[in-house]
file upload-v4.txt (compact mmCIF, C-alpha atoms and all ligand atoms)
# COMPACT_ATOMS: atom_id res chain seq x y z
CA MET I 1 -85.56 -23.34 -59.58
CA LEU I 2 -82.99 -22.56 -62.30
CA ASN I 3 -82.04 -19.26 -60.59
CA ALA I 4 -81.50 -21.01 -57.26
CA LEU I 5 -79.48 -23.74 -58.99
CA LEU I 6 -77.28 -21.22 -60.84
CA HIS I 7 -76.83 -19.24 -57.63
CA GLU I 8 -75.63 -22.35 -55.80
CA ILE I 9 -73.40 -23.38 -58.73
CA HIS I 10 -71.84 -19.92 -58.75
CA ARG I 11 -71.22 -20.10 -54.98
CA LEU I 12 -69.60 -23.54 -55.27
CA ARG I 13 -67.45 -22.57 -58.26
CA LYS I 14 -66.18 -19.44 -56.46
CA LEU I 15 -65.50 -21.46 -53.31
CA ILE I 16 -63.51 -24.06 -55.28
CA ARG I 17 -61.60 -21.39 -57.20
CA ASP I 18 -60.69 -19.45 -54.02
CA ALA I 19 -59.74 -22.62 -52.10
CA LYS I 20 -57.51 -23.76 -54.98
CA ALA I 21 -55.87 -20.33 -55.19
CA GLU I 22 -55.07 -20.49 -51.45
CA ILE I 23 -53.79 -24.06 -51.76
CA ASP I 24 -51.54 -23.03 -54.69
CA LYS I 25 -50.27 -20.02 -52.73
CA ALA I 26 -49.36 -22.11 -49.64
CA PRO I 27 -45.81 -23.20 -50.64
CA LYS I 28 -44.85 -19.62 -51.55
CA LEU I 29 -46.23 -18.33 -48.24
CA LEU I 30 -44.32 -21.01 -46.32
CA LYS I 31 -41.13 -20.08 -48.15
CA ALA I 32 -41.63 -16.40 -47.24
CA HIS I 33 -41.99 -17.30 -43.56
CA GLN I 34 -38.92 -19.56 -43.75
CA THR I 35 -36.90 -16.73 -45.29
CA LYS I 36 -38.07 -14.32 -42.59
CA LEU I 37 -36.93 -16.74 -39.87
CA ALA I 38 -33.62 -17.44 -41.63
CA ASN I 39 -32.96 -13.69 -41.86
CA LEU I 40 -33.58 -13.19 -38.14
CA GLN I 41 -31.28 -16.10 -37.28
CA LYS I 42 -28.62 -14.85 -39.67
CA ALA I 43 -28.76 -11.35 -38.17
CA ALA I 44 -28.09 -12.77 -34.69
CA SER I 45 -25.35 -15.09 -35.87
CA ASP I 46 -23.68 -12.43 -38.06
CA ALA I 47 -23.69 -10.00 -35.12
CA LYS I 48 -21.93 -12.60 -32.95
CA ASP I 49 -19.37 -13.38 -35.63
CA GLU I 50 -18.65 -9.70 -36.09
CA LEU I 51 -18.33 -9.23 -32.32
CA LYS I 52 -15.76 -12.07 -32.18
CA LYS I 53 -13.77 -10.39 -34.95
CA ARG I 54 -13.85 -7.04 -33.13
CA LYS I 55 -12.73 -8.68 -29.88
CA ALA I 56 -9.84 -10.40 -31.70
CA HIS I 57 -8.89 -7.04 -33.19
CA GLN I 58 -8.91 -5.45 -29.74
CA MET I 59 -6.60 -8.23 -28.46
CA GLU I 60 -4.28 -7.57 -31.36
CA LEU I 61 -4.23 -3.84 -30.57
CA GLU I 62 -3.50 -4.64 -26.90
CA SER I 63 -0.55 -6.84 -27.84
CA ARG I 64 0.75 -4.18 -30.21
CA LEU I 65 0.46 -1.64 -27.37
CA LYS I 66 2.37 -3.95 -25.06
CA ALA I 67 5.11 -4.40 -27.68
CA ALA I 68 5.28 -0.63 -28.22
CA GLY I 69 5.61 -0.13 -24.46
CA GLN I 70 8.54 -2.54 -24.42
CA THR I 71 10.13 -0.74 -27.39
CA LEU I 72 9.75 2.59 -25.60
CA ALA I 73 11.36 1.20 -22.41
CA LYS I 74 14.24 -0.14 -24.52
CA HIS I 75 14.75 3.25 -26.25
CA GLU I 76 14.62 5.12 -22.94
CA LYS I 77 17.18 2.72 -21.41
CA GLN I 78 19.44 3.13 -24.44
CA PHE I 79 19.00 6.92 -24.27
CA ASN I 80 20.50 6.97 -20.78
CA GLU I 81 23.51 5.04 -21.98
CA LEU I 82 24.38 7.39 -24.85
CA SER I 83 27.13 10.00 -24.84
CA SER I 84 27.17 12.05 -28.09
CA PRO I 85 24.56 14.78 -28.85
CA LYS I 86 23.99 13.29 -32.34
CA GLU I 87 23.04 9.94 -30.77
CA PHE I 88 20.78 11.74 -28.25
CA ALA I 89 18.85 13.38 -31.06
CA ALA I 90 18.40 10.14 -33.02
CA LYS I 91 17.26 8.24 -29.92
CA GLN I 92 14.89 11.06 -28.93
CA ALA I 93 13.28 10.78 -32.38
CA ASP I 94 12.82 7.02 -31.81
CA ILE I 95 11.25 7.73 -28.40
CA ASP I 96 8.90 10.39 -29.85
CA SER I 97 7.73 8.21 -32.72
CA THR I 98 7.13 5.26 -30.37
CA LYS I 99 5.09 7.54 -28.07
CA THR I 100 3.01 8.63 -31.08
CA VAL I 101 2.36 4.97 -31.93
CA ILE I 102 1.35 4.28 -28.30
CA ALA I 103 -1.05 7.24 -28.20
CA GLN I 104 -2.62 6.14 -31.47
CA LEU I 105 -3.00 2.55 -30.25
CA GLU I 106 -4.58 3.75 -26.98
CA THR I 107 -7.15 5.78 -28.95
CA GLU I 108 -7.90 2.81 -31.20
CA ILE I 109 -8.31 0.52 -28.18
CA LEU I 110 -10.75 2.93 -26.52
CA GLU I 111 -12.77 3.12 -29.73
CA ALA I 112 -12.69 -0.67 -30.02
CA ILE I 113 -13.93 -1.07 -26.42
CA THR I 114 -16.83 1.33 -27.01
CA ASP I 115 -17.72 -0.44 -30.26
CA ILE I 116 -17.59 -3.87 -28.56
CA GLU I 117 -19.80 -2.65 -25.70
CA GLU I 118 -22.38 -1.31 -28.15
CA ARG I 119 -22.33 -4.51 -30.19
CA THR I 120 -22.54 -6.70 -27.07
CA ALA I 121 -25.59 -4.74 -25.86
CA LYS I 122 -27.41 -5.50 -29.13
CA ILE I 123 -26.93 -9.28 -28.97
CA PRO I 124 -29.77 -10.08 -26.49
CA THR I 125 -32.28 -8.17 -28.67
CA LEU I 126 -31.17 -10.04 -31.79
CA ASP I 127 -31.26 -13.37 -29.94
CA ALA I 128 -34.75 -12.59 -28.63
CA ALA I 129 -35.95 -11.69 -32.14
CA ALA I 130 -34.54 -14.95 -33.52
CA ALA I 131 -36.13 -16.96 -30.70
CA LYS I 132 -39.49 -15.24 -31.32
CA GLY I 133 -39.02 -15.97 -35.02
CA VAL I 134 -38.75 -19.70 -34.23
CA THR I 135 -41.95 -19.61 -32.14
CA ASP I 136 -43.79 -17.50 -34.73
CA PHE I 137 -42.75 -19.85 -37.51
CA ALA I 138 -43.87 -22.92 -35.55
CA THR I 139 -47.28 -21.26 -34.98
CA PHE I 140 -47.55 -20.28 -38.64
CA GLU I 141 -46.55 -23.75 -39.83
CA LYS I 142 -49.12 -25.44 -37.59
CA GLU I 143 -51.93 -23.05 -38.55
CA ALA I 144 -51.02 -23.20 -42.24
CA ALA I 145 -51.09 -27.02 -42.20
CA GLU I 146 -54.50 -26.99 -40.51
CA LYS I 147 -55.83 -24.41 -42.93
CA LEU I 148 -54.49 -26.32 -45.93
CA ALA I 149 -56.11 -29.54 -44.73
CA ARG I 150 -59.42 -27.70 -44.19
CA LEU I 151 -59.27 -26.04 -47.62
CA LYS I 152 -58.62 -29.38 -49.31
CA VAL I 153 -61.63 -30.92 -47.58
CA GLU I 154 -63.79 -27.90 -48.46
CA ALA I 155 -62.64 -27.95 -52.10
CA ALA I 156 -63.24 -31.70 -52.41
CA ASP I 157 -66.64 -31.39 -50.76
CA ALA I 158 -67.64 -28.47 -53.01
CA THR I 159 -66.37 -30.29 -56.11
CA LYS I 160 -68.60 -33.23 -55.27
CA LYS I 161 -71.62 -30.97 -54.67
CA LEU I 162 -70.89 -29.06 -57.88
CA ALA I 163 -70.96 -32.29 -59.91
CA GLU I 164 -74.42 -33.00 -58.45
CA LYS I 165 -75.61 -29.46 -59.25
CA ASP I 166 -74.09 -29.45 -62.75
CA ALA I 167 -76.08 -32.63 -63.45
CA GLN I 168 -79.28 -30.71 -62.66
CA ILE I 169 -78.73 -28.13 -65.43
CA PRO I 170 -81.62 -28.57 -67.87
CA PRO I 171 -80.40 -30.54 -70.93
CA ALA I 172 -81.47 -27.73 -73.29
CA PHE I 173 -78.99 -25.30 -71.62
CA LYS I 174 -76.25 -27.81 -70.97
CA VAL I 175 -74.04 -27.02 -73.99
CA GLN I 176 -74.27 -23.26 -73.49
CA TYR I 177 -73.65 -23.57 -69.77
CA GLU I 178 -70.63 -25.82 -70.20
CA ARG I 179 -69.12 -23.58 -72.87
CA LEU I 180 -69.39 -20.53 -70.59
CA VAL I 181 -67.98 -22.12 -67.45
CA LYS I 182 -65.22 -23.67 -69.51
CA ALA I 183 -64.33 -20.25 -70.91
CA HIS I 184 -64.70 -18.20 -67.71
CA GLY I 185 -64.57 -20.68 -64.82
CA ALA I 186 -66.28 -19.42 -61.68
CA ASP I 187 -66.63 -16.03 -63.38
CA GLY I 188 -68.78 -17.63 -66.08
CA LEU I 189 -71.86 -16.77 -63.98
CA ALA I 190 -73.11 -13.40 -62.77
CA PRO I 191 -76.08 -12.44 -60.61
CA VAL I 192 -78.46 -9.77 -61.83
CA GLU I 193 -78.34 -6.59 -59.73
CA ASN I 194 -80.74 -3.67 -60.26
CA ASN I 195 -81.72 -4.98 -63.72
CA SER I 196 -78.03 -5.03 -64.70
CA CYS I 197 -75.38 -7.68 -65.23
CA SER I 198 -73.28 -7.53 -62.04
CA ALA I 199 -70.15 -8.54 -63.96
CA CYS I 200 -70.08 -5.73 -66.56
CA ARG I 201 -72.82 -3.40 -65.21
CA ILE I 202 -74.67 -3.20 -68.53
CA ASN I 203 -78.45 -2.74 -68.29
CA LEU I 204 -80.42 -5.81 -69.30
CA THR I 205 -83.23 -5.66 -71.82
CA GLN I 206 -86.88 -6.33 -70.91
CA GLN I 207 -86.59 -9.53 -72.94
CA GLN I 208 -83.60 -10.74 -70.86
CA MET I 209 -85.21 -9.79 -67.56
CA GLY I 210 -88.30 -11.68 -68.67
CA ASP I 211 -86.27 -14.77 -69.57
CA ILE I 212 -84.50 -14.75 -66.22
CA GLN I 213 -87.80 -14.24 -64.42
CA LYS I 214 -89.23 -17.25 -66.26
CA GLU I 215 -86.22 -19.36 -65.25
CA ARG I 216 -84.82 -19.60 -68.78
CA ILE I 217 -81.08 -19.54 -69.14
CA SER I 218 -79.83 -16.21 -70.40
CA SER I 219 -76.36 -14.84 -70.91
CA CYS I 220 -75.22 -11.22 -70.88
CA GLN I 221 -75.05 -9.86 -74.43
CA ASN I 222 -72.12 -7.67 -73.45
CA CYS I 223 -69.82 -9.93 -71.40
CA GLY I 224 -71.33 -13.35 -72.07
CA LYS I 225 -71.80 -14.43 -68.45
CA VAL I 226 -74.68 -16.79 -67.50
CA LEU I 227 -77.16 -14.58 -65.65
CA TYR I 228 -79.30 -15.56 -62.69
CA ARG I 229 -81.53 -13.83 -60.18
CA PRO I 230 -80.07 -14.32 -56.70
ZN ZN I 301 -72.31 -8.64 -68.47
call {"tool": "encode", "arguments": {"input": "upload-v4.txt", "output": "structure tokens", "more": "lines below"}}
Ligand SMILES: [Zn+2]
result
Amino acid sequence: MLNALLHEIHRLRKLIRDAKAEIDKAPKLLKAHQTKLANLQKAASDAKDELKKRKAHQMELESRLKAAGQTLAKHEKQFNELSSPKEFAAKQADIDSTKTVIAQLETEILEAITDIEERTAKIPTLDAAAAKGVTDFATFEKEAAEKLARLKVEAADATKKLAEKDAQIPPAFKVQYERLVKAHGADGLAPVENNSCSACRINLTQQQMGDIQKERISSCQNCGKVLYRP
């Protein structure tokens, strides 16, 4: 009778403890899922912002190339209108340096185009990941809310049952029992396994085994837990 009662009390106390731990953990878990979703959305949005910047840079390079082309045409026109060798040399230097600028801009534009193509190709994957993140989060949120509601009902139900069971503890053991569960919570009780305390593994004496057999309350002399035979 006492062993069965202690067994049930232990089960209820563990259930309440575990349910409360899960309930306490819920806000942190929700936050982690929110952060995960926010990161996916940020990755997609950052990639798009960066792509816009790169495209604007490409436009700027194109307009610089156009301007350099106009400068070159102007130098070449002026070159044809010159007469002294000294002026020819100076104008040729202008033409050469403008051509160098043009070649450099063309290389930069090609690189920019390749970079933009690569970045553009990655956008659908990032968008898909963000969209999946939204769906995953909605699923998590729904399941977490259901689980939380269920845990609260289970904890409340077990708390009620525990109060009934606690009331059945024989008055002679009441003080000892209450002191131990107050000190150790759900871990204040331990089933006997192979003549040992399952909490600390110490072997129990014949006297203790006898007490437990006779449904007398007994606590482990090593770790102090209330012992019962499951
Ligand atoms: Zn022990």
call {"tool": "atom_distance", "arguments": {"input": "upload-v4.txt", "atom1": "CA of Ile23 in chain I", "atom2": "CA of His184 in chain I"}}
result
20.2 Å
call {"tool": "residues_around", "arguments": {"input": "upload-v4.txt", "residues": "range 66-81 of chain I", "least_positions_apart": "6", "cutoff": "10 Å", "atoms": "only C-alpha atoms", "output": "list in words"}}
result
Glu60, Glu87, Phe88, Ala89, Ala90, Lys91, Gln92, Ala93, Asp94, Ile95, Asp96, Ser97, Thr98, Lys99, Thr100, Val101, Ile102 and Leu105 of chain I
call {"tool": "closest_residue", "arguments": {"input": "upload-v4.txt", "among": "I:Pro230, I:Gly210, I:Gly188, I:Gly133", "to": "ligand ZN 301 (chain I)", "atoms": "all atoms listed in the file"}}
result
I:Gly188
call {"tool": "residues_near_ligand", "arguments": {"input": "upload-v4.txt", "ligand": "ligand ZN 301 (chain I)", "cutoff": "9 Å", "atoms": "all atoms listed in the file", "output": "MDAnalysis selection string"}}
result
chainID I and resid 190 196:204 219:227
call {"tool": "closest_residue", "arguments": {"input": "upload-v4.txt", "among": "I:Ala131, I:Glu22, I:Lys52, I:Ala112", "to": "Ala38 in chain I", "atoms": "all atoms listed in the file"}}
result
I:Ala131
call {"tool": "atom_distance", "arguments": {"input": "upload-v4.txt", "atom1": "CA of Asp187 in chain I", "atom2": "CA of Arg13 in chain I"}}
result
8.3 Å
call {"tool": "atom_distance", "arguments": {"input": "upload-v4.txt", "atom1": "CA of Ile113 in chain I", "atom2": "CA of Leu65 in chain I"}}
result
14.4 Å
call {"tool": "closest_residue", "arguments": {"input": "upload-v4.txt", "among": "I:Ala138, I:Val181, I:Ala144, I:Leu61", "to": "Lys25 in chain I", "atoms": "only C-alpha atoms"}}
result
I:Ala144
call {"tool": "closest_residue", "arguments": {"input": "upload-v4.txt", "among": "I:Glu193, I:Asp136, I:Glu143, I:Glu154", "to": "Asp18 in chain I", "atoms": "only C-alpha atoms"}}
result
I:Glu154
call {"tool": "closest_residue", "arguments": {"input": "upload-v4.txt", "among": "I:Gln104, I:Asn3, I:Gln34, I:Thr114", "to": "Leu51 in chain I", "atoms": "only C-alpha atoms"}}
result
I:Thr114
call {"tool": "axis_aligned_box", "arguments": {"input": "upload-v4.txt", "around": "range 95-98 of chain I", "padding_each_side": "5 Å", "output": "JSON"}}
result
{"center_x": 9.2, "center_y": 7.8, "center_z": -30.6, "size_x": 14.1, "size_y": 15.1, "size_z": 14.3}
call {"tool": "closest_residue", "arguments": {"input": "upload-v4.txt", "among": "I:Lys160, I:Lys147, I:Lys132, I:Arg64", "to": "Ala26 in chain I", "atoms": "all atoms listed in the file"}}
result
I:Lys147
call {"tool": "residues_around", "arguments": {"input": "upload-v4.txt", "residues": "Asp157 in chain I", "least_positions_apart": "5", "cutoff": "12 Å", "atoms": "only C-alpha atoms", "output": "list in words"}}
result
Leu12, Arg13, Leu15, Ile16, Ala19, Arg150, Leu151, Lys152, Leu162, Ala163 and Glu164 of chain I
call {"tool": "write_last_selection", "arguments": {"input": "upload-v4.txt", "atoms": "C-alpha atoms", "output": "mmCIF file, keeping the file's coordinate frame"}}
result
data_model
loop_
_atom_site.group_PDB
_atom_site.id
_atom_site.type_symbol
_atom_site.label_atom_id
_atom_site.label_comp_id
_atom_site.auth_asym_id
_atom_site.auth_seq_id
_atom_site.Cartn_x
_atom_site.Cartn_y
_atom_site.Cartn_z
ATOM 1 C CA LEU I 12 -69.600 -23.540 -55.270
ATOM 2 C CA ARG I 13 -67.450 -22.570 -58.260
ATOM 3 C CA LEU I 15 -65.500 -21.460 -53.310
ATOM 4 C CA ILE I 16 -63.510 -24.060 -55.280
ATOM 5 C CA ALA I 19 -59.740 -22.620 -52.100
ATOM 6 C CA ARG I 150 -59.420 -27.700 -44.190
ATOM 7 C CA LEU I 151 -59.270 -26.040 -47.620
ATOM 8 C CA LYS I 152 -58.620 -29.380 -49.310
ATOM 9 C CA LEU I 162 -70.890 -29.060 -57.880
ATOM 10 C CA ALA I 163 -70.960 -32.290 -59.910
ATOM 11 C CA GLU I 164 -74.420 -33.000 -58.450
#
call {"tool": "residues_near_point", "arguments": {"input": "upload-v4.txt", "point": "(-81.7, -21.5, -64.2)", "cutoff": "12 Å", "atoms": "all atoms listed in the file", "output": "PyMOL selection string"}}
result
chain I and resi 1-10+165-166+168-174+177+189-191+211-219+226-230
call {"tool": "build_atoms", "arguments": {"input": "upload-v4.txt", "residues": "range 9-23 of chain I", "atoms": "N, CA and C atoms", "output": "PDB file, in the frame of the given file"}}
result
ATOM      1  N   ILE I   9     -74.542 -22.995 -57.882  1.00  0.00           N
ATOM      2  CA  ILE I   9     -73.400 -23.380 -58.730  1.00  0.00           C
ATOM      3  C   ILE I   9     -72.322 -22.287 -58.689  1.00  0.00           C
ATOM      4  N   HIS I  10     -72.781 -21.047 -58.770  1.00  0.00           N
ATOM      5  CA  HIS I  10     -71.840 -19.920 -58.750  1.00  0.00           C
ATOM      6  C   HIS I  10     -71.085 -19.895 -57.420  1.00  0.00           C
ATOM      7  N   ARG I  11     -71.819 -20.090 -56.316  1.00  0.00           N
ATOM      8  CA  ARG I  11     -71.220 -20.100 -54.980  1.00  0.00           C
ATOM      9  C   ARG I  11     -70.158 -21.215 -54.879  1.00  0.00           C
ATOM     10  N   LEU I  12     -70.527 -22.396 -55.343  1.00  0.00           N
ATOM     11  CA  LEU I  12     -69.600 -23.540 -55.270  1.00  0.00           C
ATOM     12  C   LEU I  12     -68.367 -23.321 -56.146  1.00  0.00           C
ATOM     13  N   ARG I  13     -68.584 -22.791 -57.346  1.00  0.00           N
ATOM     14  CA  ARG I  13     -67.450 -22.570 -58.260  1.00  0.00           C
ATOM     15  C   ARG I  13     -66.490 -21.511 -57.687  1.00  0.00           C
ATOM     16  N   LYS I  14     -67.037 -20.478 -57.059  1.00  0.00           N
ATOM     17  CA  LYS I  14     -66.180 -19.440 -56.460  1.00  0.00           C
ATOM     18  C   LYS I  14     -65.407 -20.021 -55.277  1.00  0.00           C
ATOM     19  N   LEU I  15     -66.121 -20.832 -54.489  1.00  0.00           N
ATOM     20  CA  LEU I  15     -65.500 -21.460 -53.310  1.00  0.00           C
ATOM     21  C   LEU I  15     -64.327 -22.347 -53.743  1.00  0.00           C
ATOM     22  N   ILE I  16     -64.564 -23.162 -54.774  1.00  0.00           N
ATOM     23  CA  ILE I  16     -63.510 -24.060 -55.280  1.00  0.00           C
ATOM     24  C   ILE I  16     -62.331 -23.244 -55.835  1.00  0.00           C
ATOM     25  N   ARG I  17     -62.651 -22.223 -56.614  1.00  0.00           N
ATOM     26  CA  ARG I  17     -61.600 -21.390 -57.200  1.00  0.00           C
ATOM     27  C   ARG I  17     -60.750 -20.734 -56.097  1.00  0.00           C
ATOM     28  N   ASP I  18     -61.414 -20.145 -55.090  1.00  0.00           N
ATOM     29  CA  ASP I  18     -60.690 -19.450 -54.020  1.00  0.00           C
ATOM     30  C   ASP I  18     -59.868 -20.433 -53.178  1.00  0.00           C
ATOM     31  N   ALA I  19     -60.461 -21.607 -52.901  1.00  0.00           N
ATOM     32  CA  ALA I  19     -59.740 -22.620 -52.100  1.00  0.00           C
ATOM     33  C   ALA I  19     -58.500 -23.075 -52.860  1.00  0.00           C
ATOM     34  N   LYS I  20     -58.656 -23.305 -54.178  1.00  0.00           N
ATOM     35  CA  LYS I  20     -57.510 -23.760 -54.980  1.00  0.00           C
ATOM     36  C   LYS I  20     -56.417 -22.683 -55.038  1.00  0.00           C
ATOM     37  N   ALA I  21     -56.853 -21.425 -55.141  1.00  0.00           N
ATOM     38  CA  ALA I  21     -55.870 -20.330 -55.190  1.00  0.00           C
ATOM     39  C   ALA I  21     -55.060 -20.297 -53.885  1.00  0.00           C
ATOM     40  N   GLU I  22     -55.756 -20.486 -52.761  1.00  0.00           N
ATOM     41  CA  GLU I  22     -55.070 -20.490 -51.450  1.00  0.00           C
ATOM     42  C   GLU I  22     -54.149 -21.688 -51.326  1.00  0.00           C
ATOM     43  N   ILE I  23     -54.610 -22.834 -51.823  1.00  0.00           N
ATOM     44  CA  ILE I  23     -53.790 -24.060 -51.760  1.00  0.00           C
ATOM     45  C   ILE I  23     -52.519 -23.861 -52.615  1.00  0.00           C
TER      46      ILE I  23
END
